[in-house]
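Structure first, then comments.
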Amino acid sequence: MLYQTRKELESLPSTVHGGQGWKLDGVEDYSQNLNPFGPPEDLPSILAECAKDTGHYPDADCTSVREAIARHYGLGPENVAMGAGSSEIIRNFPQVFIRPGESVLIPAPSFAEYTQQCRIAGVQVDNIELRAENNFYLDRDELFSKLESKHYAALYICNPNNPTGRVEKRSKIIDIVRRCEELGTMVFLDETLLSLVADESLISLSGMVREFSNLIVAHSFTKSFAIPGMRVGFALANESIIKEMDKVRLPWNVGTLEQSAAEHLVGCEMPYVVEAANTMRRESEVMHSELEALGFPVGPLSDSFFYFVPVRELGMNGAAFQREMLREGIMVRDCASFGPAYTDYVRFCVKDPARNRKFVEAVNRVLKSMSH
């Protein structure tokens, strides 16, 4: 008997992600948007202490860590749903709130998993293009016109947007959420990368989720604490949304070690993340200035801690520039996977002063090799 897959899966490609530099010896990875200072120093001892508890099932309700997260954001535990990374939150959202055949609106380019998980759920995906001439910011009027052109079950917003690094202001996001509320459209706001942006507290909607009937905010500890090997994510929303999200959550989806680590990190180590964000803001300005001085087409100063740069004026596409930088022991992200319009783009992140200097020197050598 031949098996038959669901029609939604027949032509579904695998998604492509950065952070692959660890597979290569002697390569420093600038393709991943992680805290460059690594995990807090006391995390290994916290994990070692918790290892004794792995002989029993983890708390299926994640009670302690939800309470810790809620305290941090000025919310209640009923406003928090846990996930095995924000990727589980991204997967669960369309399973709960979007019926097969309904449509969602996703800016392009943006994080590929939104589209992937919607298509797995049988959902129609429409895009609104983010344009270089607008520095890849959302055009509010164009967005509203698109939202009003047909019914959308949900709008996805990544803030800061991956891969462009642009940060939308809180007032603009609130206007968008309110308009979506009037139109009966959910808003999936991904703030996974926002904790590493200076002035996060002036941008985030995380502490405001109880004010909206249609908003869910996704978070992760992956980027802020540089722990991609530990899958801990969470969603913030009003109580009724969280109750629905919990219906599709896998049992014991967040392990004992992850729960203990996350409780410690959000309870004790958030100043560590704020310090990293402030350092990267300063370092971004230095790195940007030095790359500009070399004649590298770095574009405007990033709103965040990573850059989305067209390299076509160097006479190469993203894949070719990636190869040249790999010869220098540096991995950047070839952005062709974000769509045909972005084959000439690369993405790279800001790190600490020494590694930023290493990056700039490598770019300088690549540019010089091209001139010979």
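Just so we're on the same page: first chain in the structure tokens is A, next is B, and so on; residues restart at 1 for each chain, and ligands are numbered from 1 in the order they show up.
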
Which residues are close to A:Val187, i.e. within 8 Å by only C-alpha atoms, leaving aside same-chain residues fewer than 2 positions away? Reply as a ChimeraX atom specification.
/A:154-157,177,180,185,189,214-216

Hey, what's within 12 Å of A:Arg231 if we count only C-alpha atoms and toss same-chain stuff fewer than 4 positions away? As a ChimeraX atom specification, please?
/A:82-89,219-223,225-227,253-259,261-262

Filtering to C-alpha atoms, could you give me those residues as a compact mmCIF listing (two decimals), in the first residue's frame?
```
# COMPACT_ATOMS: atom_id res chain seq x y z
CA MET A 82 5.61 27.89 27.52
CA GLY A 83 7.15 26.35 24.41
CA ALA A 84 10.16 24.29 23.39
CA GLY A 85 11.69 27.44 21.94
CA SER A 86 9.66 30.15 20.24
CA SER A 87 9.54 27.73 17.30
CA GLU A 88 6.88 25.71 19.16
CA ILE A 89 4.87 28.88 19.77
CA HIS A 219 9.71 35.29 23.13
CA SER A 220 12.70 33.00 23.54
CA PHE A 221 15.75 32.69 25.78
CA THR A 222 17.79 31.45 22.82
CA LYS A 223 19.08 34.81 21.59
CA PHE A 225 21.19 34.28 26.77
CA ALA A 226 22.96 32.55 23.84
CA ILE A 227 21.56 29.11 24.68
CA ASN A 253 7.32 20.15 26.27
CA VAL A 254 9.86 22.03 28.42
CA GLY A 255 12.27 19.81 30.30
CA THR A 256 13.32 20.02 33.93
CA LEU A 257 16.72 21.54 33.16
CA GLU A 258 15.20 24.10 30.81
CA GLN A 259 12.54 25.14 33.31
CA ALA A 261 17.49 27.45 33.88
CA ALA A 262 14.78 29.74 32.55
```

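With only C-alpha atoms as the atoms that count, the minimum distance from A:Asp303 to the choices A:Met280, A:Val366, A:Val274, A:Ala341 is reached by A:Met280.
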
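Neighbours of stretch 198-205 of chain A closer than or equal to 7 Å, with only C-alpha atoms counted and sequence neighbours fewer than 5 positions away skipped, come out as Lys169, Arg170, Ala277, Asn278 and Arg281 of chain A.
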
Any chance you could export the current selection's C-alpha atoms as a compact mmCIF listing (two decimals), in the first residue's frame?
```
# COMPACT_ATOMS: atom_id res chain seq x y z
CA LYS A 169 8.16 51.98 17.13
CA ARG A 170 5.75 50.94 19.87
CA ALA A 277 22.24 45.20 24.42
CA ASN A 278 23.79 48.52 25.44
CA ARG A 281 24.46 49.42 20.43
```

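Using only C-alpha atoms, the nearest neighbour of A:Pro340 within the list A:Ala293, A:Met316, A:Ile90, A:Ala108 is A:Ala108.
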
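Of the residues listed (A:Asp352, A:Glu129, A:Glu28, A:Glu239), A:Glu129 shows the shortest atom-to-atom separation from A:Gly339; distances use only C-alpha atoms.
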
Using DSSP on the backbone coordinates, identify all residues within stretch 138-311 of chain A classified as strand (DSSP E or B); present the result as a PyMOL selection string.
chain A and resi 154-158+186-190+215-220+233-237+306-310

Just N, CA and C atoms for this one: save the residues we selected as an mmCIF file, in the first residue's frame.
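Saved the output as result-v3.cif:
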```
data_model
loop_
_atom_site.group_PDB
_atom_site.id
_atom_site.type_symbol
_atom_site.label_atom_id
_atom_site.label_comp_id
_atom_site.auth_asym_id
_atom_site.auth_seq_id
_atom_site.Cartn_x
_atom_site.Cartn_y
_atom_site.Cartn_z
ATOM 1 N N ALA A 154 -4.903 36.481 10.501
ATOM 2 C CA ALA A 154 -3.786 36.931 11.337
ATOM 3 C C ALA A 154 -2.794 37.742 10.521
ATOM 4 N N LEU A 155 -2.124 38.644 11.221
ATOM 5 C CA LEU A 155 -0.983 39.391 10.696
ATOM 6 C C LEU A 155 0.230 39.015 11.538
ATOM 7 N N TYR A 156 1.348 38.750 10.888
ATOM 8 C CA TYR A 156 2.600 38.453 11.585
ATOM 9 C C TYR A 156 3.507 39.680 11.515
ATOM 10 N N ILE A 157 4.117 40.029 12.654
ATOM 11 C CA ILE A 157 5.106 41.098 12.701
ATOM 12 C C ILE A 157 6.288 40.618 13.529
ATOM 13 N N CYS A 158 7.481 40.730 12.975
ATOM 14 C CA CYS A 158 8.711 40.403 13.695
ATOM 15 C C CYS A 158 9.416 41.725 14.026
ATOM 16 N N MET A 186 -6.109 38.590 14.165
ATOM 17 C CA MET A 186 -5.123 38.354 15.218
ATOM 18 C C MET A 186 -3.777 38.955 14.810
ATOM 19 N N VAL A 187 -2.960 39.294 15.794
ATOM 20 C CA VAL A 187 -1.602 39.761 15.528
ATOM 21 C C VAL A 187 -0.619 38.869 16.275
ATOM 22 N N PHE A 188 0.280 38.253 15.511
ATOM 23 C CA PHE A 188 1.372 37.461 16.088
ATOM 24 C C PHE A 188 2.602 38.350 16.048
ATOM 25 N N LEU A 189 3.000 38.855 17.218
ATOM 26 C CA LEU A 189 4.135 39.771 17.325
ATOM 27 C C LEU A 189 5.327 39.010 17.900
ATOM 28 N N ASP A 190 6.368 38.869 17.101
ATOM 29 C CA ASP A 190 7.562 38.121 17.508
ATOM 30 C C ASP A 190 8.604 39.101 18.039
ATOM 31 N N LEU A 215 -3.879 39.970 20.482
ATOM 32 C CA LEU A 215 -2.420 40.029 20.422
ATOM 33 C C LEU A 215 -1.770 38.865 21.162
ATOM 34 N N ILE A 216 -0.784 38.247 20.493
ATOM 35 C CA ILE A 216 0.070 37.272 21.151
ATOM 36 C C ILE A 216 1.510 37.672 20.850
ATOM 37 N N VAL A 217 2.360 37.685 21.882
ATOM 38 C CA VAL A 217 3.759 38.089 21.740
ATOM 39 C C VAL A 217 4.646 36.878 22.018
ATOM 40 N N ALA A 218 5.533 36.561 21.072
ATOM 41 C CA ALA A 218 6.419 35.410 21.208
ATOM 42 C C ALA A 218 7.793 35.851 21.699
ATOM 43 N N HIS A 219 8.383 35.026 22.568
ATOM 44 C CA HIS A 219 9.710 35.286 23.131
ATOM 45 C C HIS A 219 10.512 33.989 23.174
ATOM 46 N N SER A 220 11.815 34.147 23.382
ATOM 47 C CA SER A 220 12.695 32.999 23.545
ATOM 48 C C SER A 220 13.896 33.414 24.377
ATOM 49 N N GLY A 233 11.067 28.733 25.059
ATOM 50 C CA GLY A 233 10.366 29.891 24.523
ATOM 51 C C GLY A 233 9.076 30.096 25.279
ATOM 52 N N PHE A 234 8.421 31.213 25.027
ATOM 53 C CA PHE A 234 7.141 31.445 25.695
ATOM 54 C C PHE A 234 6.322 32.454 24.918
ATOM 55 N N ALA A 235 5.030 32.435 25.167
ATOM 56 C CA ALA A 235 4.102 33.390 24.573
ATOM 57 C C ALA A 235 3.433 34.181 25.686
ATOM 58 N N LEU A 236 3.172 35.443 25.416
ATOM 59 C CA LEU A 236 2.441 36.307 26.333
ATOM 60 C C LEU A 236 1.165 36.775 25.641
ATOM 61 N N ALA A 237 0.048 36.700 26.342
ATOM 62 C CA ALA A 237 -1.230 37.113 25.759
ATOM 63 C C ALA A 237 -2.265 37.215 26.876
ATOM 64 N N PHE A 306 22.090 43.548 14.156
ATOM 65 C CA PHE A 306 22.494 42.799 12.980
ATOM 66 C C PHE A 306 22.153 43.610 11.730
ATOM 67 N N TYR A 307 22.865 43.273 10.653
ATOM 68 C CA TYR A 307 22.789 44.045 9.416
ATOM 69 C C TYR A 307 22.324 43.178 8.255
ATOM 70 N N PHE A 308 21.565 43.801 7.364
ATOM 71 C CA PHE A 308 21.036 43.169 6.149
ATOM 72 C C PHE A 308 21.537 44.024 4.989
ATOM 73 N N VAL A 309 22.518 43.489 4.254
ATOM 74 C CA VAL A 309 23.311 44.337 3.357
ATOM 75 C C VAL A 309 23.334 43.774 1.935
ATOM 76 N N PRO A 310 23.035 44.610 0.914
ATOM 77 C CA PRO A 310 23.191 44.175 -0.473
ATOM 78 C C PRO A 310 24.649 44.296 -0.913
#
```

So, counting only C-alpha atoms, which residue among A:Cys62, A:Asn364, A:Ser260, A:Arg347 is closest to A:Ser45?
A:Ser260

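Straight-line separation from atom CA of A:Glu283 to atom CA of A:Asp29: 17.1 Å.
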